[in-house]
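Engineer: Dumping the structure here so I can ask a few things about it.
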Amino acid sequence: MAKLTRSEARIRRHRRVRKTVQGTPARPRLAVFRSLEEIYVQLIDDENGVTLASASSIDHELQGKVKGLKKAEQAKVVGSAVAERAIAKGYKVVVFDRGGFRYIGRVKALADAAREAGLEF
């Protein structure tokens, strides 16, 4: 069997996690994706297949706040922003989906900031 690339291994890990992690209307899924430069997060209701809220480091509202910050600090801004948007729409409890990424660095910074801003997971 051929060796997997890093991205193929991440996708395989993500599929394995997604077997158990499902977003519902009562408890949506907080899905994280990070590229080399940016970080994106969505609040997803998997039963109805809709995105309820989102934020990213390329978000027009956040671009002024994240400009000049380090990537982990940008992730904190994005995490608190998505938490504020989720709470404004009435979602306080979510299930966290790290997207196959390790729970360190930017992913952890985003999750901690979302928790501090009021989301529960």
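Ligands are numbered from 1 in the order shown, chains are lettered A, B, ... in the order of the structure tokens, and residues start at 1 in each chain.
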Could you list, as a PyMOL selection string, every residue within 8 Å of Arg98 (chain A), counting only C-alpha atoms and ignoring same-chain residues fewer than 5 positions away?
Structural biologist: chain A and resi 14+31-33+103+107
Engineer: Could you pull out the alpha helix (DSSP H) residues of chain A from DSSP and send them as number ranges by chain?
Structural biologist: A: 6-18, 63-66, 71-88, 105-116
Engineer: Taking the backbone alone, and naming residues the way the document does, which bits of region 29-121 of chain A are strand (DSSP E) by DSSP, as a list in words?
Structural biologist: Arg29, Leu30, Ala31, Val32, Phe33, Arg34, Ile39, Tyr40, Val41, Gln42, Leu43, Ile44, Asp45, Val50, Thr51, Leu52, Ala53, Ser54, Ala55, Ser56, Val95, Phe96 and Asp97 of chain A
Engineer: Fewer than 4 positions away in the same chain doesn't count, so skip those; otherwise give me all residues within 8 Å of Arg12 (chain A), counting only C-alpha atoms, as a count of residues only.
Structural biologist: 3
Engineer: Given the choices A:Asp46, A:Glu61, A:Ala114, A:Ile104, which gets closest to Gly23 (chain A) if the distance is worked out from only C-alpha atoms?
Structural biologist: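 Smallest separation from Gly23 (chain A) among the options: A:Asp46.
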Engineer: Please, which residues in region 2-74 of chain A fall within 12 Å of region 88-91 of chain A when counting only C-alpha atoms, and what is the closest atom pair and distance in Å to one decimal for each, ordered by chain then residue number, as JSON lines?
Structural biologist:
```
{"residue": "A:Gly23", "atom": "CA", "partner": "A:Tyr91", "partner_atom": "CA", "distance": 11.8}
{"residue": "A:Thr24", "atom": "CA", "partner": "A:Tyr91", "partner_atom": "CA", "distance": 11.0}
{"residue": "A:Pro25", "atom": "CA", "partner": "A:Tyr91", "partner_atom": "CA", "distance": 9.0}
{"residue": "A:Ala26", "atom": "CA", "partner": "A:Tyr91", "partner_atom": "CA", "distance": 7.7}
{"residue": "A:Arg27", "atom": "CA", "partner": "A:Tyr91", "partner_atom": "CA", "distance": 7.5}
{"residue": "A:Pro28", "atom": "CA", "partner": "A:Tyr91", "partner_atom": "CA", "distance": 7.8}
{"residue": "A:Arg29", "atom": "CA", "partner": "A:Tyr91", "partner_atom": "CA", "distance": 10.6}
{"residue": "A:Leu30", "atom": "CA", "partner": "A:Tyr91", "partner_atom": "CA", "distance": 10.8}
{"residue": "A:Leu43", "atom": "CA", "partner": "A:Tyr91", "partner_atom": "CA", "distance": 9.2}
{"residue": "A:Ile44", "atom": "CA", "partner": "A:Tyr91", "partner_atom": "CA", "distance": 11.0}
{"residue": "A:Asp45", "atom": "CA", "partner": "A:Tyr91", "partner_atom": "CA", "distance": 11.0}
{"residue": "A:Thr51", "atom": "CA", "partner": "A:Lys89", "partner_atom": "CA", "distance": 12.0}
{"residue": "A:Leu52", "atom": "CA", "partner": "A:Lys89", "partner_atom": "CA", "distance": 8.2}
{"residue": "A:Ala53", "atom": "CA", "partner": "A:Lys89", "partner_atom": "CA", "distance": 8.2}
{"residue": "A:Ser54", "atom": "CA", "partner": "A:Lys89", "partner_atom": "CA", "distance": 11.5}
```
Engineer: Grab the residues selected above and save them as a PDB file, in the first residue's frame with N, CA, C and O atoms.
Structural biologist:
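Final file, out23.pdb:
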```
ATOM      1  N   GLY A  23     -23.729  17.359  13.487  1.00  0.00           N
ATOM      2  CA  GLY A  23     -24.355  18.594  13.921  1.00  0.00           C
ATOM      3  C   GLY A  23     -25.860  18.478  13.812  1.00  0.00           C
ATOM      4  O   GLY A  23     -26.380  18.000  12.801  1.00  0.00           O
ATOM      5  N   THR A  24     -26.567  18.892  14.844  1.00  0.00           N
ATOM      6  CA  THR A  24     -28.032  18.869  14.847  1.00  0.00           C
ATOM      7  C   THR A  24     -28.534  20.298  14.964  1.00  0.00           C
ATOM      8  O   THR A  24     -27.768  21.200  15.289  1.00  0.00           O
ATOM      9  N   PRO A  25     -29.832  20.515  14.731  1.00  0.00           N
ATOM     10  CA  PRO A  25     -30.356  21.875  14.921  1.00  0.00           C
ATOM     11  C   PRO A  25     -30.176  22.368  16.362  1.00  0.00           C
ATOM     12  O   PRO A  25     -29.946  23.553  16.586  1.00  0.00           O
ATOM     13  N   ALA A  26     -30.249  21.465  17.338  1.00  0.00           N
ATOM     14  CA  ALA A  26     -30.087  21.856  18.737  1.00  0.00           C
ATOM     15  C   ALA A  26     -28.611  22.039  19.101  1.00  0.00           C
ATOM     16  O   ALA A  26     -28.268  22.887  19.915  1.00  0.00           O
ATOM     17  N   ARG A  27     -27.745  21.225  18.492  1.00  0.00           N
ATOM     18  CA  ARG A  27     -26.319  21.280  18.808  1.00  0.00           C
ATOM     19  C   ARG A  27     -25.515  21.191  17.518  1.00  0.00           C
ATOM     20  O   ARG A  27     -25.099  20.110  17.095  1.00  0.00           O
ATOM     21  N   PRO A  28     -25.290  22.325  16.842  1.00  0.00           N
ATOM     22  CA  PRO A  28     -24.590  22.304  15.561  1.00  0.00           C
ATOM     23  C   PRO A  28     -23.099  21.989  15.704  1.00  0.00           C
ATOM     24  O   PRO A  28     -22.535  22.060  16.797  1.00  0.00           O
ATOM     25  N   ARG A  29     -22.497  21.645  14.572  1.00  0.00           N
ATOM     26  CA  ARG A  29     -21.082  21.269  14.523  1.00  0.00           C
ATOM     27  C   ARG A  29     -20.233  22.501  14.215  1.00  0.00           C
ATOM     28  O   ARG A  29     -20.509  23.237  13.275  1.00  0.00           O
ATOM     29  N   LEU A  30     -19.217  22.732  15.029  1.00  0.00           N
ATOM     30  CA  LEU A  30     -18.272  23.827  14.812  1.00  0.00           C
ATOM     31  C   LEU A  30     -17.087  23.248  14.059  1.00  0.00           C
ATOM     32  O   LEU A  30     -16.218  22.600  14.648  1.00  0.00           O
ATOM     33  N   LEU A  43     -20.392  27.024  11.591  1.00  0.00           N
ATOM     34  CA  LEU A  43     -21.358  26.367  12.463  1.00  0.00           C
ATOM     35  C   LEU A  43     -22.351  25.675  11.535  1.00  0.00           C
ATOM     36  O   LEU A  43     -23.060  26.350  10.785  1.00  0.00           O
ATOM     37  N   ILE A  44     -22.391  24.333  11.557  1.00  0.00           N
ATOM     38  CA  ILE A  44     -23.134  23.579  10.553  1.00  0.00           C
ATOM     39  C   ILE A  44     -24.206  22.706  11.200  1.00  0.00           C
ATOM     40  O   ILE A  44     -23.943  21.994  12.171  1.00  0.00           O
ATOM     41  N   ASP A  45     -25.416  22.747  10.630  1.00  0.00           N
ATOM     42  CA  ASP A  45     -26.493  21.826  10.983  1.00  0.00           C
ATOM     43  C   ASP A  45     -26.484  20.740   9.914  1.00  0.00           C
ATOM     44  O   ASP A  45     -26.912  20.968   8.785  1.00  0.00           O
ATOM     45  N   THR A  51     -25.338  25.961   6.709  1.00  0.00           N
ATOM     46  CA  THR A  51     -24.365  26.665   7.528  1.00  0.00           C
ATOM     47  C   THR A  51     -25.100  27.749   8.275  1.00  0.00           C
ATOM     48  O   THR A  51     -25.766  28.597   7.678  1.00  0.00           O
ATOM     49  N   LEU A  52     -24.981  27.754   9.605  1.00  0.00           N
ATOM     50  CA  LEU A  52     -25.724  28.684  10.443  1.00  0.00           C
ATOM     51  C   LEU A  52     -24.947  29.964  10.714  1.00  0.00           C
ATOM     52  O   LEU A  52     -25.532  31.040  10.812  1.00  0.00           O
ATOM     53  N   ALA A  53     -23.632  29.862  10.841  1.00  0.00           N
ATOM     54  CA  ALA A  53     -22.775  31.021  11.067  1.00  0.00           C
ATOM     55  C   ALA A  53     -21.369  30.650  10.621  1.00  0.00           C
ATOM     56  O   ALA A  53     -21.017  29.469  10.577  1.00  0.00           O
ATOM     57  N   SER A  54     -20.570  31.652  10.299  1.00  0.00           N
ATOM     58  CA  SER A  54     -19.194  31.374   9.896  1.00  0.00           C
ATOM     59  C   SER A  54     -18.320  32.585  10.184  1.00  0.00           C
ATOM     60  O   SER A  54     -18.820  33.692  10.377  1.00  0.00           O
TER      61      SER A  54
END
```
